[in-house]
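Student: Right, I'll just put the structure down here and ask away after.
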Amino acid sequence: MRKSARTSYLEPDNNVKIKGLASLPEFQIREIAIDSSQVDRHVVTIIDPLSAASEQYRKLRARILAATKQDFQNTIMVTSADVGEGKSITSINFAVALAQEIDHTVLLVDADLRKPMIHKYLGIKADRGLSDYLSGTVDISDVLIHTGVGKLVLLPAGTPSMNPAELLSSNRMNELVQELKYRYRDRYIIFDTSPVLVSADAISMSSYVDGVLFVVAAAKTPERTVKKAIGLLQSAPVWGVVFNNVPDYLGKNLHPYYYYRYHQDTNQPTKTNNKDDKH
Amino acid sequence: MAVTSINSFDFKRYWGLILQRRYLALSVAFTVLSLCTLAAFILPKVYEATSTIFIQRSSLINPLIKGIGVAANADEGVRTLKDGITSRNIISRVIKRLDMDSGDTKSAKHEGLISSIKSKISITVKGADRQGADLFIISYRGSDPKNVRDIVNTLVEEYIAETLGYRRSDASGAFDFVQSQLAEYKSKLEKSDKDIRAFRERYPDIVPQTESAVLTRMEAFQTQKIDADIKVQELMRRRDNLKKQLSGEKELTVAFVTREGSPEARLNYLNNQLVLLTTKYTDQHPELRKTKAEIQELKKQIAHAKAGPADAGSSETSTLNPIYQQLKEDLARTDAEIDSLRARSAELSRQQQQAKNVLGGMPKEQEEWTRLQRDRTVYQHIYDDLLNKSETARVSKDLELTDKGTTFKVVDPAVLPVFPVQPDRIKFILAGILLGIACGVGAVLGIDYLNHSFKDEDSIEESLKVPVLVAIPSVVVEGDVMTMKQLDKKVMIAASVYLGIILLLLVKEALYKFVGVTIIGF
């Protein structure tokens, strides 16, 4: 890692195409420090970094880092089959955990234009965001927010849109993703999308990203539904499942010294060795 | 499989599940408990009255009269108690006595009432012991306690009255009947005897005969006659022989009479003696000499005797010939025998002829005789039998009249039932509590079983073929915890109050039932 990366949130690139990303100096990005008292209590990585749940998010971070270390794959989509499975919370916690890692700049994009929640969970007031940028009403620099949590930058959803599917599948969106992906290669970009079975957004988004994290809430969504959703993401590289909201009585695998068992037959992040997973 | 595996019972898991869905469990449990409690209080009350009858079959008398008197058949009475007490007759009388309907015994209502009462009667037998005593418990259920009690008591009274009355009239009725039959058969028997007597007087010869007997006798006569004739023939041959022999014999015969110690015999003896002596002694021996001298003397005498034959020394006598006499006697006897046998043969012929005559004249008289005999035998048989039965009937009658047979005793008459047997409120409430718990737990587990969502990582990996990167525990937010705790508290208080009320009802019922104390007036 270059030393400069520690001081700049968005490092300029020579080939920058999108106005604002390239020309705006870092200090010009809005900085809205997160007030932890306003943060949703489920954002445990900020509220209670020492909790078991935070530890699990760090474990997730370690696994993703290990998997993407060699062939840098920095665009990750977080989705779920249905609403209420904790995908936004997972996105935030995962992003925060990544951002807390000293070397990584993380851009968290709230691509769930139908029910944007991330800014609410973080206790940030964000009137403008991705939808506004995609509509062409604002520059990207106007909508990026530096959160003050490590190197976490937030791109909120913005003004509620009437046509989120069109916006997300627009060229502008495609360009934005490409730009973010290739211009800042040391940066992780995390997209929080709407659930797979709720809209086609996640499916269209999945073609832009390197990998998908699929959130499955324990004892909630029927197996059939989850299977169907995963089936719809057939073309997308589903790296793995985040088994979320596991109640105490089902938490047999949450032992602090639990050694995770990998599926050797999958081509996803599990190909890496296990040493990072020992907690 | 993503479905929870319930094969191995994981207590922690299920307990967690129940805690998780405690409101569901509680609401189901309380609903069930409420329904049970409600049922306990609103279901119509059913009262039961019970009467115990003690039936003593006299242990001393019964073995004694077993096989003698009909009262020994008390076992049968006991067996039929159930049928008896639920008989239409008795129930009908109970209805009448208790004035339970309009009195029209033919109406459908009456029939309905009978079957309704019948269905509510239950009879149990307690220990048929070796002493021959049985306890019968007769119970009846109904909604009106007074009515229930009266029905049981009346039933028992009616049953006992009927059973005893029936047994008595049965015993004396049997005796009277046997007596009348006895008299009838006695007169029949006497008439039969008289007829036989008259017949015998009319046909003195034929009396004891049957056709086959006459035939047998005829055969016997024939055989005897043949035997007699054969014997006559033999005897006649013998007589001829005797006659022939008799003609060859003289009537008189000559007998020689020799005096004892004749000289020839003496000479003979002495000669023998001489031979013996010669072998022993010399010729000079005196004994030998004496013997020789005597021989000489004797020889002289003999020679002398021969010279004068008409000497008085020996005589020839003419006498009756004994053989002749013997033969003559035999002949006479044989003649007598022949005569006798001939007479016998003639008699036999006569008898045979008589039998033949009897046989020829038989059918009519014989038929009559047979009928008389048969009637008499039958009457005799029946009369003997009746005589026996008469004694039995008399014993039975005496037994019943002196009440020494089966004794009925009402040990416990039915009393006014205070507590309904149904619904048993205590049982209902207790069952409601248990059933509520079971249903609450069952609902939670059932929903969990039907919830085909993912419950562990292995099932996800197995089903989706995607690795589980991480399992995030439920994040319990402090505020939520507080809210939840407050809600829990409220719910628990409400539940406790509700449960307390129900337990209070339980205690009230228990006190009422077991101690008799009424603390709440319903």
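Convention: chains lettered A, B, ... in structure tokens order; per-chain residue numbering from 1; ligands numbered from 1 as shown.
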Using only C-alpha atoms, what table do you get, as a tab-separated table, when you list each residue of chain A with an atom no more than 6 Å from chain B, its nearest pair of atoms, and their distance in Å rounded to one decimal, rows by chain then rising number?
Tutor:
```
residue	atom	partner	partner_atom	distance
A:Arg41	CA	B:Val477	CA	5.7
A:Ala53	CA	B:Ile472	CA	5.6
A:Gln56	CA	B:Ile472	CA	5.9
A:Leu60	CA	B:Val470	CA	5.9
A:Ala218	CA	B:Lys455	CA	5.5
A:Ala219	CA	B:Ser453	CA	5.0
A:Lys220	CA	B:Ser453	CA	5.7
A:Thr221	CA	B:Ser453	CA	5.4
A:Pro222	CA	B:Ser453	CA	4.1
A:Glu223	CA	B:Ser453	CA	4.8
A:Gly240	CA	B:Pro467	CA	5.0
A:Val241	CA	B:Val468	CA	4.5
A:Val242	CA	B:Val470	CA	5.2
A:Phe243	CA	B:Ala471	CA	4.5
A:Asn244	CA	B:Ile472	CA	4.7
A:Asn245	CA	B:Ser474	CA	4.0
A:Val246	CA	B:Pro473	CA	4.5
A:Pro247	CA	B:Ser474	CA	5.2
A:Tyr249	CA	B:Gly16	CA	4.7
```
Student: Tell me, as number ranges by chain, which residues lie within 8 Å of A:Ile118, counting only C-alpha atoms; anything in the same chain fewer than 2 positions away does not count.
Tutor: A: 88-89, 92, 110, 116, 120-122, 156
Student: Would you list the contacts of A:Ser170 as a ChimeraX atom specification, taking every protein, DNA or RNA residue within 12 Å and counting only C-alpha atoms, but skipping same-chain residues closer than 3 positions in sequence?
Tutor: /A:131,133-136,163-167,173-177,201,204-205,208
Student: Would you pick out the contacts of stretch 407-414 of chain B at 7 Å or less, using only C-alpha atoms, so that residues sharing its chain but fewer than 4 positions from it are not included, and give the list as a list in words?
Tutor: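 Everything that qualifies: Ala49, Thr50, Ser51, Thr52, Ile53, Phe54, Ile55, Gln56, Arg57, Arg149, Val152, Asn153 and Ile160 of chain B.
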Student: Report as a PyMOL selection string: the residues of stretch 109-349 of chain B with a DSSP assignment of alpha helix (DSSP H), based on the backbone of this structure.
Tutor: chain B and resi 109-120+145-202+211-247+263-280+286-307+322-349
Student: Could you list, as a VMD selection string, every residue within 10 Å of B:Pro263, counting only C-alpha atoms and ignoring same-chain residues fewer than 2 positions away?
Tutor: chain B and resid 259 to 261 265 to 269 295 297 to 302 305
Student: Could you take the residues named above and write them with all heavy atoms, as a tab-separated table (two decimals), in the first residue's frame?
Tutor:
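And here's part.tsv as it stands now:
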```
chain	number	residue	atom	x	y	z
B	259	ARG	N	-66.85	-176.11	55.52
B	259	ARG	CA	-66.66	-175.60	56.88
B	259	ARG	C	-65.34	-174.91	56.98
B	259	ARG	O	-64.39	-175.28	56.30
B	259	ARG	CB	-66.73	-176.76	57.90
B	259	ARG	CG	-68.13	-177.16	58.26
B	259	ARG	CD	-68.08	-178.08	59.46
B	259	ARG	NE	-67.23	-179.19	59.25
B	259	ARG	CZ	-67.64	-180.37	58.80
B	259	ARG	NH1	-68.88	-180.54	58.43
B	259	ARG	NH2	-66.79	-181.35	58.71
B	260	GLU	N	-65.27	-174.08	57.84
B	260	GLU	CA	-64.02	-173.34	58.02
B	260	GLU	C	-62.93	-174.27	58.55
B	260	GLU	O	-63.19	-175.13	59.39
B	260	GLU	CB	-64.25	-172.19	59.01
B	260	GLU	CG	-63.18	-171.15	58.87
B	260	GLU	CD	-63.45	-169.96	59.73
B	260	GLU	OE1	-64.63	-169.69	59.99
B	260	GLU	OE2	-62.49	-169.31	60.12
B	261	GLY	N	-61.69	-174.21	58.06
B	261	GLY	CA	-60.55	-175.03	58.48
B	261	GLY	C	-60.67	-176.45	57.91
B	261	GLY	O	-60.46	-177.44	58.61
B	265	ALA	N	-57.43	-177.40	53.04
B	265	ALA	CA	-56.79	-176.10	53.26
B	265	ALA	C	-55.67	-176.21	54.26
B	265	ALA	O	-54.60	-175.67	54.06
B	265	ALA	CB	-57.84	-175.10	53.76
B	266	ARG	N	-55.97	-177.03	55.31
B	266	ARG	CA	-54.95	-177.20	56.36
B	266	ARG	C	-53.76	-177.93	55.82
B	266	ARG	O	-52.62	-177.52	56.09
B	266	ARG	CB	-55.62	-177.98	57.54
B	266	ARG	CG	-54.72	-178.24	58.73
B	266	ARG	CD	-54.39	-176.91	59.42
B	266	ARG	NE	-53.37	-177.17	60.47
B	266	ARG	CZ	-52.68	-176.24	61.10
B	266	ARG	NH1	-52.86	-174.95	60.72
B	266	ARG	NH2	-51.81	-176.52	62.07
B	267	LEU	N	-54.05	-178.91	54.98
B	267	LEU	CA	-52.95	-179.68	54.37
B	267	LEU	C	-52.11	-178.77	53.51
B	267	LEU	O	-50.87	-178.78	53.56
B	267	LEU	CB	-53.56	-180.82	53.54
B	267	LEU	CG	-52.56	-181.70	52.82
B	267	LEU	CD1	-51.72	-182.55	53.83
B	267	LEU	CD2	-53.27	-182.68	51.88
B	268	ASN	N	-52.77	-178.00	52.75
B	268	ASN	CA	-52.06	-177.05	51.88
B	268	ASN	C	-51.16	-176.15	52.69
B	268	ASN	O	-49.98	-175.97	52.36
B	268	ASN	CB	-53.10	-176.20	51.13
B	268	ASN	CG	-52.63	-175.86	49.74
B	268	ASN	OD1	-51.68	-176.47	49.23
B	268	ASN	ND2	-53.32	-174.93	49.11
B	269	TYR	N	-51.73	-175.62	53.75
B	269	TYR	CA	-50.97	-174.72	54.62
B	269	TYR	C	-49.76	-175.42	55.21
B	269	TYR	O	-48.65	-174.87	55.17
B	269	TYR	CB	-51.89	-174.18	55.72
B	269	TYR	CG	-51.16	-173.43	56.79
B	269	TYR	CD1	-50.67	-172.12	56.56
B	269	TYR	CD2	-50.90	-174.02	58.05
B	269	TYR	CE1	-49.97	-171.47	57.53
B	269	TYR	CE2	-50.19	-173.35	59.02
B	269	TYR	CZ	-49.73	-172.04	58.76
B	269	TYR	OH	-49.03	-171.38	59.73
B	295	ILE	N	-49.37	-183.57	58.74
B	295	ILE	CA	-49.64	-183.77	57.33
B	295	ILE	C	-50.14	-185.18	57.09
B	295	ILE	O	-51.14	-185.40	56.37
B	295	ILE	CB	-48.38	-183.47	56.48
B	295	ILE	CG1	-48.15	-181.93	56.48
B	295	ILE	CG2	-48.51	-183.98	55.04
B	295	ILE	CD1	-46.82	-181.50	55.89
B	297	GLU	N	-51.54	-187.17	59.13
B	297	GLU	CA	-52.88	-187.30	59.73
B	297	GLU	C	-53.94	-186.76	58.80
B	297	GLU	O	-54.98	-187.37	58.55
B	297	GLU	CB	-52.90	-186.58	61.10
B	297	GLU	CG	-54.19	-186.68	61.87
B	297	GLU	CD	-54.61	-188.11	62.23
B	297	GLU	OE1	-53.70	-189.00	62.38
B	297	GLU	OE2	-55.81	-188.35	62.32
B	298	LEU	N	-53.61	-185.60	58.30
B	298	LEU	CA	-54.56	-184.94	57.41
B	298	LEU	C	-54.79	-185.73	56.15
B	298	LEU	O	-55.92	-185.84	55.67
B	298	LEU	CB	-54.05	-183.55	57.05
B	298	LEU	CG	-54.39	-182.43	58.04
B	298	LEU	CD1	-53.66	-181.17	57.66
B	298	LEU	CD2	-55.88	-182.18	58.10
B	299	LYS	N	-53.72	-186.23	55.57
B	299	LYS	CA	-53.85	-187.06	54.36
B	299	LYS	C	-54.77	-188.23	54.61
B	299	LYS	O	-55.62	-188.55	53.75
B	299	LYS	CB	-52.46	-187.55	53.90
B	299	LYS	CG	-51.73	-186.48	53.07
B	299	LYS	CD	-50.32	-186.96	52.61
B	299	LYS	CE	-49.61	-185.95	51.78
B	299	LYS	NZ	-48.20	-186.32	51.53
B	300	LYS	N	-54.65	-188.81	55.78
B	300	LYS	CA	-55.53	-189.91	56.14
B	300	LYS	C	-56.97	-189.46	56.16
B	300	LYS	O	-57.87	-190.11	55.61
B	300	LYS	CB	-55.13	-190.46	57.52
B	300	LYS	CG	-54.05	-191.47	57.45
B	300	LYS	CD	-53.78	-191.92	58.89
B	300	LYS	CE	-52.46	-192.64	58.95
B	300	LYS	NZ	-52.00	-192.77	60.31
B	301	GLN	N	-57.16	-188.37	56.81
B	301	GLN	CA	-58.53	-187.86	56.93
B	301	GLN	C	-59.13	-187.62	55.56
B	301	GLN	O	-60.30	-187.97	55.31
B	301	GLN	CB	-58.52	-186.52	57.72
B	301	GLN	CG	-58.53	-186.69	59.19
B	301	GLN	CD	-58.59	-185.33	59.91
B	301	GLN	OE1	-59.00	-184.37	59.34
B	301	GLN	NE2	-58.18	-185.35	61.20
B	302	ILE	N	-58.34	-187.02	54.71
B	302	ILE	CA	-58.85	-186.69	53.37
B	302	ILE	C	-59.20	-187.95	52.61
B	302	ILE	O	-60.26	-188.04	52.00
B	302	ILE	CB	-57.82	-185.86	52.62
B	302	ILE	CG1	-57.75	-184.45	53.24
B	302	ILE	CG2	-58.18	-185.73	51.13
B	302	ILE	CD1	-56.57	-183.62	52.83
B	305	ALA	N	-62.33	-189.31	53.90
B	305	ALA	CA	-63.50	-188.50	53.49
B	305	ALA	C	-63.93	-188.84	52.08
B	305	ALA	O	-65.10	-188.88	51.77
B	305	ALA	CB	-63.14	-187.02	53.60
```
Student: Interatomic distance between atom CA of A:Leu130 and atom CA of A:Ala202?
Tutor: 15.2 Å
Student: Write out as a PDB file with N, CA, C and O atoms, in the first residue's frame each polymer residue whose atoms come within 9 Å of B:Thr124, counting only C-alpha atoms; drop sequence neighbours fewer than 2 positions from it.
Tutor:
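See selection.pdb below for the written result:
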```
ATOM      1  N   LYS B  82     -77.788 -58.527  36.551  1.00  0.00           N
ATOM      2  CA  LYS B  82     -77.604 -57.402  35.635  1.00  0.00           C
ATOM      3  C   LYS B  82     -78.780 -57.298  34.674  1.00  0.00           C
ATOM      4  O   LYS B  82     -79.315 -56.221  34.459  1.00  0.00           O
ATOM      5  N   SER B 122     -75.442 -48.471  35.589  1.00  0.00           N
ATOM      6  CA  SER B 122     -74.257 -49.324  35.435  1.00  0.00           C
ATOM      7  C   SER B 122     -74.132 -50.201  36.680  1.00  0.00           C
ATOM      8  O   SER B 122     -74.392 -49.758  37.791  1.00  0.00           O
ATOM      9  N   LYS B 126     -68.455 -56.758  42.764  1.00  0.00           N
ATOM     10  CA  LYS B 126     -67.199 -56.673  43.511  1.00  0.00           C
ATOM     11  C   LYS B 126     -66.976 -58.014  44.179  1.00  0.00           C
ATOM     12  O   LYS B 126     -67.786 -58.443  44.993  1.00  0.00           O
ATOM     13  N   LEU B 135     -70.881 -58.431  46.142  1.00  0.00           N
ATOM     14  CA  LEU B 135     -71.299 -57.050  46.335  1.00  0.00           C
ATOM     15  C   LEU B 135     -71.627 -56.496  44.961  1.00  0.00           C
ATOM     16  O   LEU B 135     -70.788 -56.500  44.074  1.00  0.00           O
ATOM     17  N   PHE B 136     -72.826 -56.046  44.835  1.00  0.00           N
ATOM     18  CA  PHE B 136     -73.217 -55.452  43.566  1.00  0.00           C
ATOM     19  C   PHE B 136     -73.340 -53.957  43.763  1.00  0.00           C
ATOM     20  O   PHE B 136     -73.985 -53.499  44.707  1.00  0.00           O
ATOM     21  N   ILE B 137     -72.662 -53.240  42.874  1.00  0.00           N
ATOM     22  CA  ILE B 137     -72.739 -51.789  42.984  1.00  0.00           C
ATOM     23  C   ILE B 137     -73.555 -51.283  41.807  1.00  0.00           C
ATOM     24  O   ILE B 137     -73.178 -51.453  40.653  1.00  0.00           O
ATOM     25  N   ILE B 138     -74.665 -50.705  42.160  1.00  0.00           N
ATOM     26  CA  ILE B 138     -75.572 -50.233  41.113  1.00  0.00           C
ATOM     27  C   ILE B 138     -75.536 -48.730  41.119  1.00  0.00           C
ATOM     28  O   ILE B 138     -75.757 -48.097  42.158  1.00  0.00           O
ATOM     29  N   SER B 139     -75.192 -48.153  39.980  1.00  0.00           N
ATOM     30  CA  SER B 139     -75.133 -46.697  39.953  1.00  0.00           C
ATOM     31  C   SER B 139     -75.941 -46.161  38.785  1.00  0.00           C
ATOM     32  O   SER B 139     -76.172 -46.848  37.790  1.00  0.00           O
TER      33      SER B 139
END
```
Student: Separation of atom CA of B:Asn89 and atom CA of B:Tyr140, in Å?
Tutor: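 Answer for the atom CA of B:Asn89 to atom CA of B:Tyr140 separation: 17.3 Å.
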Student: From the DSSP assignment of the backbone, select every residue of stretch 16-163 of chain A that is strand (DSSP E), and format the answer as a list in words.
Tutor: Arg30, Glu31, Thr75, Ile76, Met77, Val78, Thr79, Ser80, Thr105, Val106, Leu107, Leu108, Val109, Asp110, Ile145, His146, Leu152, Val153, Leu154 and Leu155 of chain A
Student: Using only C-alpha atoms for the distances, tell me which of A:Met162, A:Ile124, A:Ile190, A:Val78 is nearest to A:Val106.
Tutor: A:Ile190
Student: Considering only C-alpha atoms, state which residue in the set B:Asp335, B:Glu219, B:Glu158, B:Glu329 is at the smallest distance from B:Glu234.
Tutor: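 Closest to B:Glu234 of all the choices is B:Asp335.
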Student: Compare B:Ser87, B:Asn147, B:Ser192, B:Gln352 by their minimum atom-to-atom distance to B:Gln380, counting only C-alpha atoms, and give me the closest one.
Tutor: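 Distance minimum relative to B:Gln380 lands on B:Ser192.
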Student: Of the candidates B:Asp240, B:Gln354, B:Leu35, B:Ser172, which shows the shortest atom-to-atom distance to B:Asp398, using only C-alpha atoms?
Tutor: B:Ser172
Student: Calculate how many Å separate atom CA of B:Arg141 from atom CA of B:Ile123, rounding to one decimal.
Tutor: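 For atom CA of B:Arg141 relative to atom CA of B:Ile123, the distance reads 11.8 Å.
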Student: Which residue out of A:Leu168, A:Met117, A:Ala99, A:Met77 has the minimum interatomic distance to A:Pro237 when only C-alpha atoms are used?
Tutor: A:Met77
Student: Nearest to B:Glu48 among B:Gly500, B:Gly142, B:Pro286, B:Gly516, with distances taken over only C-alpha atoms: which residue is it?
Tutor: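 Result for the nearest residue to B:Glu48: B:Gly142.
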Student: List the spatial neighbours of B:Val378 as a PyMOL selection string - criterion: any atom at most 12 Å away, only C-alpha atoms, same-chain residues fewer than 6 positions off excluded.
Tutor: chain B and resi 185-186+188-189+192+371-372+384-385
Student: Please produce an output containing N, CA and C atoms for each residue in the selection, written as a PDB file, in the first residue's frame.
Tutor:
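New file part.pdb:
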```pdb
ATOM      1  N   TYR B 185    -101.199 -89.352  38.861  1.00  0.00           N
ATOM      2  CA  TYR B 185    -100.512 -90.580  38.463  1.00  0.00           C
ATOM      3  C   TYR B 185    -100.764 -91.721  39.432  1.00  0.00           C
ATOM      4  N   LYS B 186    -101.023 -91.345  40.652  1.00  0.00           N
ATOM      5  CA  LYS B 186    -101.339 -92.384  41.619  1.00  0.00           C
ATOM      6  C   LYS B 186    -102.644 -93.072  41.205  1.00  0.00           C
ATOM      7  N   LYS B 188    -103.932 -93.175  38.277  1.00  0.00           N
ATOM      8  CA  LYS B 188    -103.704 -93.892  37.032  1.00  0.00           C
ATOM      9  C   LYS B 188    -103.072 -95.248  37.304  1.00  0.00           C
ATOM     10  N   LEU B 189    -102.108 -95.224  38.196  1.00  0.00           N
ATOM     11  CA  LEU B 189    -101.388 -96.449  38.550  1.00  0.00           C
ATOM     12  C   LEU B 189    -102.361 -97.462  39.168  1.00  0.00           C
ATOM     13  N   SER B 192    -104.557 -98.940  36.589  1.00  0.00           N
ATOM     14  CA  SER B 192    -103.776 -99.881  35.797  1.00  0.00           C
ATOM     15  C   SER B 192    -103.677-101.221  36.525  1.00  0.00           C
ATOM     16  N   ARG B 371    -100.464-103.911  26.517  1.00  0.00           N
ATOM     17  CA  ARG B 371    -100.822-102.514  26.768  1.00  0.00           C
ATOM     18  C   ARG B 371    -100.935-102.239  28.263  1.00  0.00           C
ATOM     19  N   LEU B 372    -101.588-103.187  28.937  1.00  0.00           N
ATOM     20  CA  LEU B 372    -101.760-103.015  30.381  1.00  0.00           C
ATOM     21  C   LEU B 372    -100.402-102.940  31.085  1.00  0.00           C
ATOM     22  N   ASP B 384     -92.876 -92.714  40.417  1.00  0.00           N
ATOM     23  CA  ASP B 384     -91.637 -92.713  41.225  1.00  0.00           C
ATOM     24  C   ASP B 384     -90.908 -91.388  41.081  1.00  0.00           C
ATOM     25  N   ASP B 385     -90.822 -90.965  39.842  1.00  0.00           N
ATOM     26  CA  ASP B 385     -90.113 -89.718  39.544  1.00  0.00           C
ATOM     27  C   ASP B 385     -90.778 -88.547  40.244  1.00  0.00           C
TER      28      ASP B 385
END
```
